[in-house]
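Student: First the structure, which I've put down as C-alpha cells, then a few questions once you've had a look.
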Amino acid sequence: MRIRQVGAHALLLDCTAPADTSEAALVEAWRAELWRRRERGDLTAVEIVPAASTILLDGLPDPTAAAEQLTRWASGVAAATAGPDHADGEAEDHDAPADDRADDAADVVVPVTFDGPDLPVVAEHWGGDVPAVLRRLTGTRFRVAFCGFAPGFPYLTGLPAELALPRLATPRPRVPPGSVALAGPYAGIYPSASPGGWLLVGRTELVLFDVDADSPARLGPGARVRMVAA
C-alpha cells in the first residue's frame with residue numbers, strides 16, 4: 001500500500017496487492033472499509049472514489065491525520081482479503097455491530113436480452129458455445145468495482161481472471177445505450193450511446209444514469225449485480 005498526497009486536501013491510496021490477492025479485491029476491501037468508517041464518523045472525507053487499483057479520498061480537512069488512520073487500518077484490511085475465502089475483498093470490522101458487517105444490500109437485477117453480435121467471439125475465447133457464455137453470465141454475482149469512461153458506466157468484477165477478453169482491434173463508432181459488454185476482466189453496461197471497443201453480448205432497458213435522480217448512477221461502486229435473461 002502506498003499513500004500519496006494530491007493537492008491540499010486529498011490522498012491517493014495505491015492498492016498494490018500481494019500475489020494471493022487480486023487488486024480488485026483489495027480496492028473493494030478498502031472502499032467498503034472507508035465508506036463504513038465515514039458512516040460511523042471515524043473518517044471525514046467529501047469523496048471516496050475507487051478506480052482499478054487506487055482510491056482517491058478528497059475533501060480531507062487534515063490529509064496528514066487521514067494518512068495515519070489509513071496506515072493503522074491497513075493490516076486489518078489486508079488480513080480480511082487474504083486467501084480464497086475473501087475474493088470479494090470486504091474487510092470485516094469485529095468491533096462493529098453485526099448489522100454493520102452484513103452484506104445486506106439487495107442485488108440489482110439487470111434484465112438482459114442476450115443477442116449481442118460478439119457472443120460467438122466470446123464463446124470462442126472461452127472455449128465453449130454461446131449457451132455456455134449465457135450460463136456463465138447469468139450465474140455470476142457481479143460487483144461494481146468502480147465507474148468510469150462515461151457517467152454511470154459500471155465496471156463489473158466477478159468473472160475469473162482466465163476469462164479476460166481483448167477489446168476490438170477497431171472500436172465501433174457508436175455503441176447503443178444499454179449495451180452489455182465484456183472487455184479485459186470486466187463486464188460493463190453502456191449508459192448512453194458512445195464509441196466503444198468492448199465485446200457486445202446483449203442489451204438492457206435499465207436506465208443507468210439519470211441526472212435528476214438523488215443518486216444519478218444506478219449502479220455505484222460496491223453494488224451487487226445479477227444478470228437475468230429478459
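To be explicit about the labels: the chains of the C-alpha cells are called A, B, and onward in the order shown, and within each one the residues are counted from 1, while ligands get numbers from 1 in the order they are shown.
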Quick one: pick out all strand (DSSP E or B) residues within segment 15-188 of chain A from a backbone DSSP run and write them as a count of residues only.
Tutor: 40
Student: As a ChimeraX atom specification, please: every residue in segment 38-174 of chain A that DSSP puts in helix (DSSP H, G or I).
Tutor: /A:38-40,63-81,84-86,98-101,119-126,130-138,161-163
Student: Taking into account only C-alpha atoms, which residue in the set A:Phe146, A:Phe114, A:Phe153, A:Trp198 is nearest to Leu134 of chain A?
Tutor: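 Closest to Leu134 of chain A of all the choices is A:Phe114.
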Student: Got a sec: who's within 8 Å of Leu13 of chain A, counting only C-alpha atoms, leaving out chain neighbours fewer than 3 positions off, as a VMD selection string?
Tutor: chain A and resid 1 to 4 54 to 57
Student: I need the chosen residues saved as a tab-separated table (two decimals), in the first residue's frame, with all heavy atoms.
Tutor:
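Printed below is result_25.tsv as written:
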```tsv
chain	number	residue	atom	x	y	z
A	1	MET	N	0.85	-1.20	0.00
A	1	MET	CA	0.00	0.00	0.00
A	1	MET	C	0.88	1.24	0.00
A	1	MET	O	1.88	1.30	0.72
A	1	MET	CB	-0.91	0.01	1.22
A	1	MET	CG	-1.87	1.19	1.26
A	1	MET	SD	-2.75	1.32	2.83
A	1	MET	CE	-1.48	2.01	3.89
A	2	ARG	N	0.50	2.19	-0.80
A	2	ARG	CA	1.23	3.45	-0.87
A	2	ARG	C	0.24	4.60	-0.80
A	2	ARG	O	-0.80	4.56	-1.47
A	2	ARG	CB	2.03	3.50	-2.16
A	2	ARG	CG	2.85	4.75	-2.38
A	2	ARG	CD	3.66	4.62	-3.65
A	2	ARG	NE	4.08	5.90	-4.20
A	2	ARG	CZ	4.57	6.08	-5.41
A	2	ARG	NH1	4.68	5.03	-6.21
A	2	ARG	NH2	4.93	7.25	-5.84
A	3	ILE	N	0.55	5.61	0.00
A	3	ILE	CA	-0.34	6.76	0.18
A	3	ILE	C	0.38	8.00	-0.33
A	3	ILE	O	1.51	8.29	0.09
A	3	ILE	CB	-0.72	6.95	1.66
A	3	ILE	CG1	-1.36	5.68	2.22
A	3	ILE	CG2	-1.65	8.14	1.83
A	3	ILE	CD1	-1.52	5.69	3.73
A	4	ARG	N	-0.29	8.72	-1.21
A	4	ARG	CA	0.30	9.95	-1.75
A	4	ARG	C	-0.67	11.11	-1.57
A	4	ARG	O	-1.87	10.95	-1.78
A	4	ARG	CB	0.61	9.78	-3.24
A	4	ARG	CG	1.78	8.85	-3.53
A	4	ARG	CD	1.98	8.68	-5.02
A	4	ARG	NE	1.00	7.77	-5.59
A	4	ARG	CZ	0.90	7.54	-6.90
A	4	ARG	NH1	1.67	8.17	-7.75
A	4	ARG	NH2	0.00	6.68	-7.36
A	54	THR	N	-6.59	2.04	-7.41
A	54	THR	CA	-6.40	3.15	-6.48
A	54	THR	C	-7.73	3.60	-5.89
A	54	THR	O	-8.80	3.26	-6.41
A	54	THR	CB	-5.75	4.36	-7.18
A	54	THR	OG1	-6.63	4.82	-8.23
A	54	THR	CG2	-4.39	4.01	-7.76
A	55	ILE	N	-7.64	4.38	-4.82
A	55	ILE	CA	-8.82	5.04	-4.25
A	55	ILE	C	-8.41	6.48	-3.92
A	55	ILE	O	-7.39	6.72	-3.27
A	55	ILE	CB	-9.32	4.35	-2.97
A	55	ILE	CG1	-9.74	2.91	-3.27
A	55	ILE	CG2	-10.50	5.13	-2.38
A	55	ILE	CD1	-10.23	2.15	-2.06
A	56	LEU	N	-9.21	7.41	-4.39
A	56	LEU	CA	-8.99	8.83	-4.10
A	56	LEU	C	-9.89	9.25	-2.95
A	56	LEU	O	-11.10	9.01	-2.97
A	56	LEU	CB	-9.30	9.68	-5.33
A	56	LEU	CG	-9.16	11.20	-5.15
A	56	LEU	CD1	-7.69	11.59	-4.97
A	56	LEU	CD2	-9.78	11.95	-6.33
A	57	LEU	N	-9.30	9.86	-1.95
A	57	LEU	CA	-10.04	10.47	-0.85
A	57	LEU	C	-9.88	11.98	-0.97
A	57	LEU	O	-8.77	12.50	-0.85
A	57	LEU	CB	-9.52	10.00	0.51
A	57	LEU	CG	-9.70	8.53	0.87
A	57	LEU	CD1	-8.55	7.70	0.32
A	57	LEU	CD2	-9.80	8.35	2.37
```
Student: Tell me which of A:Ala17, A:Leu159, A:Ile189, A:Ala223 sits closest to Ala32 of chain A, counting only C-alpha atoms.
Tutor: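 Smallest separation from Ala32 of chain A among the options: A:Ala223.
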Student: Between A:Pro171, A:Pro111, A:Gly128, A:Gly116, which is the closest to Met227 of chain A once you count only C-alpha atoms?
Tutor: A:Pro111
Student: Of the candidates A:Ala78, A:Ala193, A:Ala187, A:Leu43, which one gets nearest to Val175 of chain A if we count only C-alpha atoms?
Tutor: A:Ala193
Student: Rounded to one decimal place, report the atom CA of Tyr190 of chain A-atom CA of Pro177 of chain A distance in Å.
Tutor: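 A separation of 5.4 Å between them.
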Student: Between atom CA of Ala19 of chain A and atom CA of Arg136 of chain A, what is the distance in Å, rounded to a tenth?
Tutor: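 Distance reported for this atom pair: 25.8 Å.
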Student: Counting only C-alpha atoms, what is within 7 Å of Val108 of chain A, bar same-chain residues fewer than 5 positions away, as a list in words?
Tutor: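 What passes the distance filter is Arg224, Val225 and Arg226 of chain A.
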Student: Only N, CA and C atoms, please: the residues just picked out, written as a PDB file, in the first residue's frame.
Tutor:
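Saved as again16.pdb:
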```pdb
ATOM      1  N   ARG A 224     -24.027  -4.941  -5.801  1.00  0.00           N
ATOM      2  CA  ARG A 224     -24.052  -6.306  -6.317  1.00  0.00           C
ATOM      3  C   ARG A 224     -25.031  -6.367  -7.484  1.00  0.00           C
ATOM      4  N   VAL A 225     -24.644  -7.092  -8.513  1.00  0.00           N
ATOM      5  CA  VAL A 225     -25.434  -7.114  -9.760  1.00  0.00           C
ATOM      6  C   VAL A 225     -25.584  -8.555 -10.242  1.00  0.00           C
ATOM      7  N   ARG A 226     -26.782  -8.878 -10.649  1.00  0.00           N
ATOM      8  CA  ARG A 226     -27.046 -10.158 -11.321  1.00  0.00           C
ATOM      9  C   ARG A 226     -27.724  -9.886 -12.651  1.00  0.00           C
TER      10      ARG A 226
END
```
Student: Counting only C-alpha atoms, what is within 12 Å of Ser192 of chain A, bar same-chain residues fewer than 4 positions away, as a list in words?
Tutor: Phe149, Ala150, Pro151, Gly152, Phe153, Pro154, Arg174, Val175, Pro176, Pro177, Gly178, Ser179, Val180, Gly196, Arg203, Thr204, Glu205, Leu206, Val207, Leu208, Phe209, Asp210 and Ala217 of chain A
Student: Just the number, please: distance in Å from atom CA of Ser53 of chain A to atom CA of Gly148 of chain A, one decimal.
Tutor: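 It comes out at 13.1 Å.
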Student: Nearest to Ala145 of chain A: which of A:Ala82, A:Val122, A:Leu26, A:Leu200 is it, counting only C-alpha atoms?
Tutor: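 Closest residue, counting only C-alpha atoms: A:Leu26.
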Student: With only C-alpha atoms as the counted atoms, please give the residues lying no more than 10 Å from Val121 of chain A, apart from itself and same-chain residues fewer than 3 positions off, as JSON, numbers by chain.
Tutor: {"A": [117, 118, 124, 125, 126, 127, 129, 130, 165, 199, 200, 201]}
Student: Find the residues near Tyr186 of chain A: any atom within 8 Å, counting only C-alpha atoms, skip ones fewer than 2 places away on the same chain, and give them as a list in words.
Tutor: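 Neighbouring residues, sequence-local ones excluded: Tyr155, Leu156, Thr157, Gly158, Leu159, Ala164, Leu182, Ala183, Gly184 and Gly188 of chain A.
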Student: Once you have the residues from the selection above, write them out as an mmCIF file, in the first residue's frame, restricted to N, CA, C and O atoms.
Tutor:
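Final output, saved to out_20.cif:
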```cif
data_model
loop_
_atom_site.group_PDB
_atom_site.id
_atom_site.type_symbol
_atom_site.label_atom_id
_atom_site.label_comp_id
_atom_site.auth_asym_id
_atom_site.auth_seq_id
_atom_site.Cartn_x
_atom_site.Cartn_y
_atom_site.Cartn_z
ATOM 1 N N TYR A 155 -17.978 -0.699 -14.051
ATOM 2 C CA TYR A 155 -17.021 -1.769 -14.317
ATOM 3 C C TYR A 155 -17.327 -2.894 -13.334
ATOM 4 O O TYR A 155 -17.153 -2.728 -12.119
ATOM 5 N N LEU A 156 -17.781 -4.020 -13.857
ATOM 6 C CA LEU A 156 -18.254 -5.118 -13.027
ATOM 7 C C LEU A 156 -17.205 -6.217 -12.931
ATOM 8 O O LEU A 156 -16.723 -6.724 -13.947
ATOM 9 N N THR A 157 -16.852 -6.594 -11.707
ATOM 10 C CA THR A 157 -15.949 -7.718 -11.487
ATOM 11 C C THR A 157 -16.756 -8.944 -11.078
ATOM 12 O O THR A 157 -17.910 -8.853 -10.684
ATOM 13 N N GLY A 158 -16.111 -10.099 -11.166
ATOM 14 C CA GLY A 158 -16.765 -11.352 -10.781
ATOM 15 C C GLY A 158 -16.396 -12.508 -11.683
ATOM 16 O O GLY A 158 -16.510 -13.671 -11.296
ATOM 17 N N LEU A 159 -15.960 -12.201 -12.902
ATOM 18 C CA LEU A 159 -15.536 -13.259 -13.816
ATOM 19 C C LEU A 159 -14.116 -13.695 -13.475
ATOM 20 O O LEU A 159 -13.292 -12.882 -13.051
ATOM 21 N N ALA A 164 -10.523 -13.235 -19.103
ATOM 22 C CA ALA A 164 -10.335 -11.867 -19.599
ATOM 23 C C ALA A 164 -10.306 -11.854 -21.122
ATOM 24 O O ALA A 164 -9.778 -12.763 -21.765
ATOM 25 N N LEU A 182 -18.258 -6.917 -22.637
ATOM 26 C CA LEU A 182 -17.148 -7.518 -21.902
ATOM 27 C C LEU A 182 -15.828 -7.014 -22.484
ATOM 28 O O LEU A 182 -15.702 -6.865 -23.698
ATOM 29 N N ALA A 183 -14.849 -6.794 -21.605
ATOM 30 C CA ALA A 183 -13.504 -6.426 -22.052
ATOM 31 C C ALA A 183 -12.548 -6.601 -20.886
ATOM 32 O O ALA A 183 -12.877 -6.233 -19.745
ATOM 33 N N GLY A 184 -11.362 -7.123 -21.157
ATOM 34 C CA GLY A 184 -10.428 -7.382 -20.080
ATOM 35 C C GLY A 184 -11.086 -8.285 -19.049
ATOM 36 O O GLY A 184 -11.805 -9.228 -19.395
ATOM 37 N N GLY A 188 -19.472 -4.695 -18.430
ATOM 38 C CA GLY A 188 -19.903 -3.312 -18.315
ATOM 39 C C GLY A 188 -21.195 -3.093 -19.062
ATOM 40 O O GLY A 188 -21.623 -3.941 -19.855
#
```
Student: Using only C-alpha atoms, which of the listed residues (A:Ala213, A:Ala161, A:Ala8, A:Asp107) sits closest to Ser22 of chain A?
Tutor: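 Ranked by minimum distance to Ser22 of chain A, first place goes to A:Ala161.
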